[in-house]
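Structure data follow from upload_29.txt (compact mmCIF, C-alpha atoms):
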```
# COMPACT_ATOMS: atom_id res chain seq x y z
CA MET A 1 -4.11 -21.43 -1.17
CA GLN A 2 -4.37 -17.77 -0.29
CA GLN A 3 -5.07 -15.02 -2.75
CA LYS A 4 -4.80 -11.25 -2.65
CA VAL A 5 -7.65 -9.05 -3.76
CA ARG A 6 -6.41 -5.93 -5.55
CA LEU A 7 -8.61 -2.85 -5.64
CA ARG A 8 -7.49 -0.20 -8.08
CA LEU A 9 -9.54 2.74 -9.24
CA THR A 10 -9.05 1.63 -12.83
CA ILE A 11 -10.81 -1.67 -12.16
CA LEU A 12 -13.37 -0.51 -9.62
CA SER A 13 -16.33 -1.36 -11.83
CA THR A 14 -15.07 -4.91 -12.26
CA ALA A 15 -14.42 -5.31 -8.55
CA CYS A 16 -17.87 -4.02 -7.66
CA ALA A 17 -19.55 -6.38 -10.06
CA LEU A 18 -17.65 -9.49 -9.04
CA LEU A 19 -16.55 -9.35 -5.43
CA PRO A 20 -19.59 -8.17 -3.47
CA PHE A 21 -22.28 -9.83 -5.62
CA LEU A 22 -22.29 -13.10 -3.75
CA GLY A 23 -25.94 -13.98 -3.29
CA ALA A 24 -25.28 -17.58 -4.26
CA GLY A 25 -23.02 -18.07 -1.24
CA ALA A 26 -19.38 -18.62 -0.44
CA ALA A 27 -18.80 -20.82 -3.48
CA THR A 28 -19.50 -17.75 -5.61
CA ALA A 29 -17.01 -15.81 -3.51
CA GLN A 30 -14.23 -18.22 -4.46
CA THR A 31 -15.12 -17.99 -8.16
CA ALA A 32 -15.11 -14.20 -8.04
CA THR A 33 -11.71 -13.95 -6.36
CA ASP A 34 -10.14 -16.22 -8.99
CA ASP A 35 -10.55 -13.49 -11.64
CA PRO A 36 -6.99 -12.60 -12.78
CA ALA A 37 -8.00 -8.95 -13.26
CA VAL A 38 -8.47 -8.45 -9.52
CA THR A 39 -6.44 -11.16 -7.77
CA THR A 40 -3.04 -12.70 -7.53
CA ARG A 41 -1.87 -15.89 -5.87
CA ALA A 42 0.14 -16.04 -2.67
CA ILE A 43 2.13 -18.93 -1.27
CA ASP A 44 0.19 -20.80 1.41
CA ASP A 45 2.61 -20.52 4.32
CA PRO A 46 0.97 -20.01 7.72
CA GLY A 47 4.28 -20.43 9.47
CA GLY A 48 3.49 -23.87 10.82
CA LYS A 49 0.42 -22.58 12.65
CA THR A 50 -2.54 -24.98 12.49
CA PRO A 51 -5.86 -23.08 12.52
CA ASP A 52 -8.55 -24.21 14.94
CA ARG A 53 -11.80 -23.78 13.02
CA ASP A 54 -15.14 -22.84 14.54
CA ALA A 55 -18.16 -23.66 12.37
CA THR A 56 -20.81 -23.00 15.05
CA GLY A 57 -21.52 -19.38 14.11
CA PRO A 58 -21.92 -16.22 16.20
CA ARG A 59 -23.01 -16.23 19.83
CA GLY A 60 -26.05 -14.40 21.16
CA ALA A 61 -29.79 -14.39 20.47
CA VAL A 62 -30.64 -14.17 16.76
CA PRO A 63 -32.43 -10.89 15.87
CA GLY A 64 -35.07 -10.24 13.25
CA GLY A 65 -37.16 -13.37 13.75
CA PHE A 66 -34.70 -15.63 11.90
CA ALA A 67 -34.40 -19.26 12.92
CA ASP A 68 -30.62 -18.98 13.33
CA TRP A 69 -27.65 -16.78 12.40
CA LYS A 70 -27.05 -18.74 9.22
CA ALA A 71 -30.53 -17.83 7.97
CA LEU A 72 -29.96 -14.15 8.80
CA PHE A 73 -26.61 -13.88 7.03
CA SER A 74 -27.85 -15.90 4.05
CA GLU A 75 -30.71 -13.45 3.55
CA GLN A 76 -28.39 -10.48 4.04
CA THR A 77 -25.97 -11.91 1.48
CA ARG A 78 -28.78 -12.33 -1.07
CA LEU A 79 -29.97 -8.73 -0.62
CA ASN A 80 -26.47 -7.22 -0.53
CA GLY A 81 -25.63 -8.78 -3.89
CA VAL A 82 -28.57 -6.96 -5.47
CA ALA A 83 -27.77 -3.73 -3.61
CA ASP A 84 -24.15 -3.71 -4.76
CA ARG A 85 -25.17 -4.00 -8.41
CA ILE A 86 -27.67 -1.17 -7.99
CA ILE A 87 -25.16 1.10 -6.25
CA GLU A 88 -22.60 0.49 -8.98
CA SER A 89 -25.16 1.83 -11.47
CA ALA A 90 -26.83 4.48 -9.29
CA GLU A 91 -24.37 5.94 -6.80
CA ASN A 92 -23.07 8.68 -9.11
CA ALA A 93 -26.36 9.28 -10.90
CA GLU A 94 -28.33 12.45 -10.25
CA GLY A 95 -31.14 11.66 -7.85
CA TYR A 96 -29.56 8.84 -5.84
CA ALA A 97 -30.41 9.38 -2.15
CA GLY A 98 -29.54 6.18 -0.30
CA ILE A 99 -30.06 2.48 0.12
CA VAL A 100 -31.09 0.31 3.07
CA VAL A 101 -30.42 -3.43 3.18
CA ALA A 102 -31.89 -4.76 6.42
CA PRO A 103 -32.33 -8.55 6.25
CA GLU A 104 -35.49 -8.48 8.37
CA ASN A 105 -37.17 -6.34 5.65
CA HIS A 106 -36.50 -9.07 3.05
CA GLU A 107 -36.08 -6.40 0.37
CA VAL A 108 -33.67 -3.76 -0.90
CA ARG A 109 -34.97 -0.24 -0.32
CA LEU A 110 -33.64 2.34 -2.78
CA TYR A 111 -34.39 6.02 -2.14
CA TRP A 112 -34.47 8.39 -5.12
CA ARG A 113 -35.16 12.07 -5.71
CA GLY A 114 -37.01 12.59 -8.99
CA THR A 115 -37.22 10.14 -11.86
CA VAL A 116 -35.01 7.06 -11.93
CA PRO A 117 -32.84 7.09 -15.11
CA PRO A 118 -33.42 4.26 -17.62
CA ALA A 119 -29.98 2.67 -17.06
CA VAL A 120 -30.57 2.49 -13.31
CA GLN A 121 -34.10 1.19 -13.82
CA THR A 122 -32.70 -1.62 -15.95
CA THR A 123 -30.36 -2.63 -13.12
CA ILE A 124 -33.27 -2.51 -10.67
CA ASP A 125 -35.36 -4.74 -12.92
CA GLN A 126 -32.49 -7.20 -13.20
CA GLY A 127 -32.06 -7.19 -9.43
CA ARG A 128 -35.73 -7.96 -8.90
CA GLN A 129 -35.10 -11.34 -10.47
CA THR A 130 -33.10 -12.18 -7.33
CA ALA A 131 -34.80 -10.16 -4.56
CA PRO A 132 -37.56 -7.56 -4.08
CA VAL A 133 -36.44 -3.95 -4.71
CA ALA A 134 -38.59 -1.05 -3.47
CA VAL A 135 -37.95 2.42 -4.95
CA LEU A 136 -39.07 5.15 -2.54
CA PRO A 137 -39.14 8.97 -2.89
CA ALA A 138 -36.52 11.15 -1.19
CA ALA A 139 -36.37 14.84 -0.39
CA TYR A 140 -32.61 15.24 -0.93
CA THR A 141 -29.86 13.48 -2.86
CA ASN A 142 -27.01 11.64 -1.16
CA ALA A 143 -24.45 13.95 -2.80
CA GLN A 144 -26.09 17.05 -1.30
CA LEU A 145 -26.41 15.46 2.13
CA LEU A 146 -22.79 14.29 2.12
CA ARG A 147 -21.65 17.87 1.46
CA GLU A 148 -23.87 19.21 4.21
CA ALA A 149 -22.81 16.50 6.66
CA GLU A 150 -19.16 17.43 6.17
CA LYS A 151 -19.98 21.11 6.82
CA TRP A 152 -21.76 20.20 10.06
CA ALA A 153 -18.87 17.95 11.14
CA GLU A 154 -16.30 20.66 10.42
CA ALA A 155 -18.31 23.43 12.12
CA GLY A 156 -17.43 22.20 15.62
CA GLN A 157 -20.99 22.01 16.98
CA ALA A 158 -21.40 18.28 16.45
CA SER A 159 -19.15 15.32 17.16
CA GLY A 160 -20.23 13.76 13.85
CA ALA A 161 -22.73 13.90 10.99
CA ALA A 162 -24.05 11.61 8.26
CA PRO A 163 -26.78 11.58 5.62
CA GLN A 164 -30.02 9.87 6.59
CA PRO A 165 -30.20 6.75 4.42
CA ASP A 166 -33.72 7.67 3.22
CA GLY A 167 -32.58 11.08 1.92
CA SER A 168 -34.67 12.99 4.46
CA GLY A 169 -31.88 15.02 6.05
CA ILE A 170 -28.81 14.89 8.30
CA ARG A 171 -28.32 12.91 11.49
CA LEU A 172 -26.05 14.81 13.89
CA SER A 173 -24.17 13.31 16.82
CA VAL A 174 -23.83 15.79 19.70
CA THR A 175 -22.15 15.39 23.08
CA GLY A 176 -24.86 16.92 25.26
CA GLU A 177 -27.72 14.77 26.52
CA ASP A 178 -30.18 17.72 26.47
CA ALA A 179 -29.10 19.38 23.22
CA ASP A 180 -31.76 21.40 21.38
CA PRO A 181 -31.68 21.53 17.55
CA GLN A 182 -32.92 25.14 17.69
CA GLN A 183 -29.78 26.19 19.60
CA LEU A 184 -27.41 25.01 16.88
CA GLN A 185 -26.12 27.56 14.39
CA ARG A 186 -26.65 26.18 10.90
CA PRO A 187 -23.43 26.24 8.79
CA SER A 188 -23.53 28.35 5.62
CA GLY A 189 -24.82 26.43 2.63
CA THR A 190 -26.85 23.87 4.57
CA SER A 191 -30.62 23.56 4.31
CA ALA A 192 -31.56 19.93 5.02
CA PRO A 193 -33.43 19.06 8.24
CA ILE A 194 -31.38 17.71 11.13
CA THR A 195 -32.04 14.95 13.66
CA LEU A 196 -29.97 14.72 16.84
CA GLU A 197 -28.31 11.70 18.41
CA THR A 198 -27.49 13.03 21.89
CA GLY A 199 -24.77 11.98 24.30
CA GLU A 200 -22.36 10.88 21.57
CA GLU A 201 -18.71 11.71 22.13
CA PHE A 202 -16.46 9.53 19.99
CA SER A 203 -13.20 8.31 21.48
CA PRO A 204 -10.57 6.19 19.70
CA ALA A 205 -11.02 2.61 20.96
CA TYR A 206 -7.56 2.21 22.63
CA SER A 207 -6.78 0.01 25.39
CA ARG A 208 -6.58 -12.89 21.34
CA GLN A 209 -4.14 -12.11 23.81
CA ASP A 210 -0.85 -13.67 22.71
CA ASP A 211 -0.83 -14.60 19.01
CA VAL A 212 2.08 -16.04 17.03
CA PRO A 213 2.97 -15.69 13.32
CA SER A 214 1.29 -15.84 10.91
CA TYR A 215 -0.89 -13.32 12.69
CA TYR A 216 -4.69 -13.43 12.58
CA ALA A 217 -7.03 -10.44 12.63
CA GLY A 218 -8.45 -9.66 16.07
CA GLY A 219 -5.33 -10.28 18.18
CA ARG A 220 -3.83 -7.96 20.80
CA THR A 221 -1.10 -5.53 19.69
CA TRP A 222 1.16 -3.23 21.69
CA ASN A 223 2.91 -0.10 20.41
CA GLN A 224 6.39 0.12 21.93
CA GLN A 225 6.64 3.89 21.47
CA SER A 226 3.22 4.95 22.83
CA GLY A 227 2.21 1.95 24.90
CA ALA A 228 -1.17 1.86 23.14
CA GLY A 229 -2.97 -1.48 23.15
CA CYS A 230 -5.00 -2.11 19.99
CA SER A 231 -6.10 -5.00 17.77
CA SER A 232 -4.70 -6.46 14.58
CA GLY A 233 -6.85 -6.12 11.46
CA PHE A 234 -7.18 -8.03 8.22
CA ALA A 235 -4.10 -9.34 6.44
CA VAL A 236 -3.00 -7.30 3.42
CA VAL A 237 -0.07 -6.89 1.05
CA ASP A 238 1.11 -3.33 0.47
CA LYS A 239 1.64 -1.87 -2.99
CA TYR A 240 5.26 -3.10 -3.02
CA GLY A 241 4.24 -6.69 -2.26
CA THR A 242 5.16 -6.75 1.45
CA PRO A 243 2.71 -8.57 3.76
CA GLY A 244 1.20 -6.97 6.84
CA PHE A 245 -2.06 -6.27 8.63
CA LEU A 246 -4.43 -3.33 8.89
CA THR A 247 -4.97 -1.40 12.11
CA ALA A 248 -6.20 2.04 13.16
CA ALA A 249 -4.09 5.12 12.43
CA HIS A 250 -4.58 6.41 15.98
CA CYS A 251 -2.82 3.29 17.27
CA GLY A 252 0.56 4.64 16.14
CA ASN A 253 2.72 6.71 13.84
CA VAL A 254 4.90 5.71 10.91
CA GLY A 255 8.00 4.00 12.26
CA ASP A 256 6.44 2.75 15.52
CA GLN A 257 7.27 -0.83 16.47
CA PHE A 258 4.39 -3.26 17.18
CA TYR A 259 4.41 -6.34 19.41
CA ASP A 260 1.78 -9.00 20.05
CA GLY A 261 -0.07 -9.58 23.33
CA GLY A 262 2.85 -11.47 24.83
CA GLY A 263 4.57 -8.16 25.62
CA ILE A 264 7.51 -6.03 24.50
CA SER A 265 10.22 -8.61 23.82
CA PRO A 266 12.07 -9.86 20.72
CA ALA A 267 10.02 -13.08 20.71
CA ASN A 268 6.78 -11.08 20.39
CA TYR A 269 7.90 -8.55 17.77
CA MET A 270 5.34 -8.18 14.95
CA GLY A 271 6.66 -5.38 12.72
CA GLN A 272 6.73 -1.67 11.96
CA LEU A 273 3.85 0.67 11.15
CA SER A 274 4.76 1.76 7.63
CA TRP A 275 1.60 3.22 6.05
CA ARG A 276 -0.89 5.60 7.62
CA VAL A 277 -3.87 7.75 6.53
CA ALA A 278 -5.50 9.74 9.35
CA LYS A 279 -8.76 10.70 7.59
CA ARG A 280 -9.67 7.00 7.27
CA ASP A 281 -8.10 6.16 10.66
CA ALA A 282 -6.22 3.35 8.96
CA ALA A 283 -2.66 2.06 8.94
CA ILE A 284 -0.63 -0.96 7.84
CA VAL A 285 1.86 -2.76 10.08
CA LEU A 286 4.27 -4.77 7.93
CA ALA A 287 4.33 -8.23 9.50
CA ASP A 288 3.79 -11.94 8.86
CA ALA A 289 -0.03 -12.05 8.69
CA THR A 290 -2.50 -14.45 7.14
CA ALA A 291 -6.14 -14.38 5.97
CA ASN A 292 -7.80 -15.62 9.15
CA VAL A 293 -9.81 -13.83 11.84
CA PHE A 294 -10.27 -14.82 15.49
CA ASP A 295 -13.85 -15.47 16.57
CA GLY A 296 -15.50 -16.40 19.87
CA SER A 297 -14.51 -14.81 23.18
CA ASN A 298 -11.55 -12.51 23.71
CA THR A 299 -9.46 -15.49 24.82
CA ALA A 300 -10.55 -17.91 22.09
CA SER A 301 -8.05 -19.57 19.77
CA THR A 302 -10.66 -20.48 17.14
CA SER A 303 -10.71 -18.66 13.82
CA ASN A 304 -12.45 -18.33 10.47
CA LYS A 305 -11.15 -17.87 6.94
CA VAL A 306 -11.45 -14.49 5.20
CA VAL A 307 -12.82 -15.34 1.74
CA ALA A 308 -14.17 -12.07 0.33
CA LEU A 309 -14.32 -8.29 0.57
CA TRP A 310 -17.80 -6.73 0.91
CA LYS A 311 -19.26 -3.29 1.51
CA ALA A 312 -21.45 -2.67 4.57
CA HIS A 313 -24.88 -1.19 3.83
CA VAL A 314 -27.29 0.64 6.15
CA GLY A 315 -29.44 -2.02 7.81
CA ASN A 316 -26.76 -4.75 7.65
CA PHE A 317 -25.70 -6.78 10.67
CA VAL A 318 -21.94 -6.87 11.17
CA CYS A 319 -19.59 -8.55 13.65
CA ASN A 320 -16.87 -6.85 15.68
CA SER A 321 -14.13 -9.22 16.83
CA GLY A 322 -11.57 -7.10 18.66
CA ALA A 323 -8.99 -8.29 21.17
CA THR A 324 -10.87 -6.81 24.15
CA LEU A 325 -14.53 -7.57 23.41
CA GLY A 326 -14.23 -10.73 21.35
CA GLU A 327 -16.85 -11.49 18.73
CA ASN A 328 -20.22 -9.69 18.85
CA CYS A 329 -22.65 -9.76 15.90
CA LEU A 330 -25.60 -7.91 17.46
CA ILE A 331 -24.51 -4.74 15.65
CA LYS A 332 -26.43 -2.97 12.90
CA VAL A 333 -25.17 -0.32 10.46
CA THR A 334 -27.08 2.96 10.87
CA GLU A 335 -25.17 5.33 8.55
CA THR A 336 -22.48 5.34 5.91
CA GLY A 337 -20.69 8.53 4.86
CA TRP A 338 -20.22 9.54 8.53
CA SER A 339 -17.73 12.35 9.19
CA GLY A 340 -16.70 13.61 12.60
CA THR A 341 -14.05 14.62 15.11
CA TYR A 342 -12.81 12.36 17.89
CA THR A 343 -11.90 13.40 21.41
CA ASN A 344 -8.19 13.30 20.46
CA GLY A 345 -8.83 15.97 17.79
CA GLN A 346 -8.61 13.55 14.85
CA TYR A 347 -10.99 14.36 11.97
CA VAL A 348 -12.26 11.43 9.91
CA LYS A 349 -14.34 11.28 6.71
CA HIS A 350 -16.82 8.90 5.13
CA MET A 351 -16.79 6.28 7.86
CA VAL A 352 -19.53 3.84 8.89
CA ARG A 353 -21.53 4.22 12.12
CA ALA A 354 -23.30 1.26 13.73
CA LYS A 355 -24.89 0.43 17.06
CA SER A 356 -25.85 -2.51 19.26
CA VAL A 357 -29.40 -3.65 18.48
CA VAL A 358 -29.95 -4.49 22.16
CA GLY A 359 -28.33 -1.35 23.61
CA GLY A 360 -25.40 -3.37 24.92
CA CYS A 361 -21.71 -3.39 24.16
CA ALA A 362 -20.78 -3.06 20.48
CA VAL A 363 -17.12 -2.17 20.99
CA ALA A 364 -14.63 -1.97 23.87
CA HIS A 365 -11.48 0.06 24.36
CA GLY A 366 -8.63 -1.95 22.89
CA ASP A 367 -10.65 -3.10 19.86
CA SER A 368 -9.24 -0.31 17.65
CA GLY A 369 -7.84 -1.60 14.38
CA GLY A 370 -9.64 -4.92 14.75
CA PRO A 371 -11.82 -6.63 12.13
CA ILE A 372 -15.44 -5.91 11.22
CA TYR A 373 -16.99 -8.62 9.06
CA SER A 374 -20.10 -10.52 8.01
CA TYR A 375 -20.43 -14.27 7.75
CA THR A 376 -20.97 -15.85 4.36
CA ASN A 377 -23.19 -18.90 3.99
CA TRP A 378 -20.66 -21.04 5.85
CA PHE A 379 -19.73 -20.49 9.49
CA ASP A 380 -16.02 -20.85 9.02
CA GLU A 381 -15.85 -18.19 6.28
CA VAL A 382 -16.27 -14.43 6.58
CA ALA A 383 -16.20 -11.35 4.34
CA ALA A 384 -13.99 -8.44 5.40
CA GLN A 385 -15.85 -5.14 5.80
CA GLY A 386 -14.22 -2.73 8.24
CA ILE A 387 -11.55 -1.62 10.70
CA THR A 388 -12.72 -0.61 14.18
CA SER A 389 -12.06 3.06 14.86
CA ALA A 390 -14.09 4.67 17.66
CA VAL A 391 -16.52 4.08 20.51
CA SER A 392 -19.43 6.16 21.83
CA LYS A 393 -22.49 5.87 24.13
CA LYS A 394 -20.60 4.44 27.10
CA VAL A 395 -21.60 1.06 28.48
CA TYR A 396 -19.77 -1.49 30.59
CA CYS A 397 -18.44 -4.40 28.54
CA GLY A 398 -17.80 -7.10 31.12
CA ALA A 399 -14.27 -6.43 32.34
CA ALA A 400 -13.71 -3.39 30.10
CA ASP A 401 -15.19 0.00 29.28
CA GLY A 402 -16.84 0.38 25.91
CA GLY A 403 -19.88 1.68 24.11
CA SER A 404 -23.06 0.72 22.30
CA VAL A 405 -22.05 2.79 19.22
CA ILE A 406 -19.10 1.93 16.97
CA VAL A 407 -17.48 3.80 14.07
CA PHE A 408 -15.38 1.92 11.54
CA SER A 409 -13.67 2.54 8.20
CA ARG A 410 -14.50 0.36 5.20
CA VAL A 411 -11.71 -2.00 4.12
CA TRP A 412 -12.83 -1.37 0.53
CA ASP A 413 -12.01 2.36 0.83
CA VAL A 414 -8.83 1.80 2.82
CA ASP A 415 -7.36 -0.60 0.27
CA LEU A 416 -7.98 1.97 -2.44
CA GLU A 417 -6.22 4.64 -0.35
CA PHE A 418 -3.15 2.46 0.13
CA GLY A 419 -3.17 0.70 -3.25
CA ALA A 420 -3.04 -2.48 -1.17
CA LEU A 421 -4.22 -6.08 -1.64
CA LEU A 422 -6.56 -7.79 0.81
CA GLN A 423 -5.46 -11.38 1.46
CA VAL A 424 -8.27 -13.93 1.08
CA TRP A 425 -8.44 -17.72 0.92
```

File written out as structure tokens:
Amino acid sequence: MQQKVRLRLTILSTACALLPFLGAGAATAQTATDDPAVTTRAIDDPGGKTPDRDATGPRGAVPGGFADWKALFSEQTRLNGVADRIIESAENAEGYAGIVVAPENHEVRLYWRGTVPPAVQTTIDQGRQTAPVAVLPAAYTNAQLLREAEKWAEAGQASGAAPQPDGSGIRLSVTGEDADPQQLQRPSGTSAPITLETGEEFSPAYSRQDDVPSYYAGGRTWNQQSGAGCSSGFAVVDKYGTPGFLTAAHCGNVGDQFYDGGGISPANYMGQLSWRVAKRDAAIVLADATANVFDGSNTASTSNKVVALWKAHVGNFVCNSGATLGENCLIKVTETGWSGTYTNGQYVKHMVRAKSVVGGCAVAHGDSGGPIYSYTNWFDEVAAQGITSAVSKKVYCGAADGGSVIVFSRVWDVDLEFGALLQVW
């Protein structure tokens, strides 16, 4: 039986406390999504399509010294549950600078400027009953660095900017390989130190290959009006109760007609792009979609259930499973709160930047709009996290062009923008 996870601003504190805090595993995820305050039931009707499950887990060498991918994601799940509770208490408090949740550290690292308030300290102490929490000093607060990062991104000298997760300053993405920080003109009102990531020009990730209803996340889509090839994202229900799937805003405009990978014909018609917000690079195509996501190669028919909605933290490993690249989990979040301008002139705010941990392909052109997720404690269940948006640091991705750096929007933020419901099992 599928469910829909509703995220409204009026119940954000409840959603934060229940949905992401899943350190006990996927069984906890099911309990959390049964809460009537944040979910509603949907009829289980996959359109006669029988899912082919894959319980083997991600491909590729396991990073961080873990015995297998299950051990890595289990540790990440444990730490993220503690981090989400702390952020709920600390994110808007004066002094909060950032948080890093890298599973290979085996601890949550909270950065703070000044003295931690008693209420936040209580949450930290509670979290330490589940996992180690280190509180480290920071030079700047996250709020100040977010403001400064937006000024740098809007000034036109950098392709993107984000707060350093340890509160030490701003990390700037610049297009030139030999850029010198001393040659940049500091925007008015900025004072934090800057660190450059050179050779980063962010392009929308345009372009499994012929899906059928009910559509899964990670399948090929074609825009009849523009000819753009993108990927389908997670299944949602819009605020009027109509089902559809997420994709990237740069993949089309409101009213554009979308088809699956079989081509532009009546038999392959998916639906119409009906909701769009450019600053999050997110859109909804109203279509028959269900809460599954393709895994494996870009031609695989295997899939996993979407069972939860989680936030991605700096240090987390995430998986990209677009229609061009297929599944790749050797990707680590480097910044949240990233703002920048793409090569098509589109300005985006408060996105997530991540990169391949081996310097290889993290995203390929044609993955735009596709799903970003983490595995839960079972290898046929995943937690929705993002929508693929842009590619940088060019590398060759087998039979396609791509990059070792990926930018994505958080599903959590996008659902709030649209007033939508994420479909979960």

Exercise for the section: Please determine the residues with any atom at most 6 Å from (10.2, -2.3, 12.0) (coordinates as given in the file, with all atoms listed in the file counting) and report them as a PyMOL selection string. Expected result: chain A and resi 257+271-272

Problem - Top pick for closest residue to Asp180 in chain A, considering A:Asn253, A:Gln157, A:Ser301, A:Gln385 and counting all atoms listed in the file - result: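 The closest residue to Asp180 in chain A is A:Gln157.
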
Problem - All residues 9 Å or closer to Ser191 in chain A, all atoms listed in the file, same chain fewer than 5 positions away omitted, as JSON, numbers by chain - result: {"A": [148, 169, 186]}

Just write the chosen residues, C-alpha atoms, as a short mmCIF file (atom, residue, chain, number, x, y, z; two decimals), keeping the file's coordinate frame.
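Result written to part-v5.cif:
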```
data_model
loop_
_atom_site.label_atom_id
_atom_site.label_comp_id
_atom_site.auth_asym_id
_atom_site.auth_seq_id
_atom_site.Cartn_x
_atom_site.Cartn_y
_atom_site.Cartn_z
CA GLU A 148 -23.87 19.21 4.21
CA GLY A 169 -31.88 15.02 6.05
CA ARG A 186 -26.65 26.18 10.90
#
```

Handout entry: Atom-to-atom span, CA of Gln224 in chain A and CA of Gly366 in chain A, Å
Key =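 So the two atoms, CA of Gln224 in chain A and CA of Gly366 in chain A, lie 15.2 Å apart.
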
Can you build me a table of range 303-375 of chain A residues sitting at most 7 Å from range 94-106 of chain A, with the closest atom pair per residue and its distance in Å to one decimal, using all atoms listed in the file, sorted by chain and residue number, as a Markdown table?
```
| residue | atom | partner | partner_atom | distance |
| --- | --- | --- | --- | --- |
| A:His313 | CA | A:Val101 | CA | 6.0 |
| A:Val314 | CA | A:Val100 | CA | 4.9 |
| A:Gly315 | CA | A:Ala102 | CA | 3.9 |
| A:Asn316 | CA | A:Ala102 | CA | 5.3 |
```

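Interatomic distance, CA of Val363 in chain A against CA of Ser404 in chain A: 6.7 Å.
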
Practice task
May I have the residues within 9 Å of range 198-202 of chain A as a list in words, using all atoms listed in the file and disregarding those fewer than 2 positions away in the same chain?
Solution key: Ser159, Gly160, Leu172, Ser173, Val174, Thr175, Gly176, Glu177, Asp178, Ala179, Leu196, Pro204, Ala205, Gly340, Thr341, Tyr342, Thr343, Ala390, Val391, Ser392, Lys393, Lys394, Val405, Ile406 and Val407 of chain A

Would you write out, as a tab-separated table, a table of all residues in range 250-338 of chain A that have an atom no more than 12 Å from an atom of range 70-85 of chain A, listing for each the closest atom pair and the distance in Å to one decimal, considering only C-alpha atoms and ordering rows by chain and rising residue number?
```
residue	atom	partner	partner_atom	distance
A:Ala308	CA	A:Thr77	CA	11.9
A:Trp310	CA	A:Asn80	CA	8.8
A:Lys311	CA	A:Asp84	CA	8.0
A:Ala312	CA	A:Asn80	CA	8.5
A:His313	CA	A:Asn80	CA	7.6
A:Val314	CA	A:Asn80	CA	10.3
A:Gly315	CA	A:Gln76	CA	9.3
A:Asn316	CA	A:Gln76	CA	7.0
A:Phe317	CA	A:Phe73	CA	8.0
A:Val318	CA	A:Phe73	CA	9.4
A:Cys319	CA	A:Phe73	CA	11.0
A:Cys329	CA	A:Phe73	CA	10.6
A:Leu330	CA	A:Leu72	CA	11.5
A:Lys332	CA	A:Gln76	CA	11.8
```

Problem - Shortest interatomic distance to His365 in chain A - which of A:Ala289, A:Ser226, A:Leu421, A:Gly403, counting only C-alpha atoms - result: A:Gly403

Exercise for the section: Counting all atoms listed in the file, select every polymer residue within 9 Å of (-0.9, -12.0, 14.1) as defined in the file's coordinates, and provide the selection as a list in words. Expected result: Asp210, Asp211, Val212, Pro213, Ser214, Tyr215, Tyr216, Ala217, Gly218, Gly219, Arg220, Thr221, Ser232, Gly233, Ala235, Phe245, Asp260, Met270, Ala287, Asp288, Ala289 and Thr290 of chain A

Handout entry: Among the residues A:Ala61, A:Ile87, A:Ile264, A:Val414, the one that comes closest to Lys349 in chain A [using only C-alpha atoms]
Key =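 Closest to Lys349 in chain A, using only C-alpha atoms: A:Val414.
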
Exercise for the section: Find the residues near range 127-142 of chain A: any atom within 6 Å, counting only C-alpha atoms, skip ones fewer than 3 places away on the same chain, and give them as a list in words. Expected result: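 Here the answer would be Val82, Gly95, Tyr96, Ala97, Glu107, Val108, Arg109, Leu110, Tyr111, Trp112, Arg113, Ile124, Leu145, Leu146, Gly167 and Ser168 of chain A.
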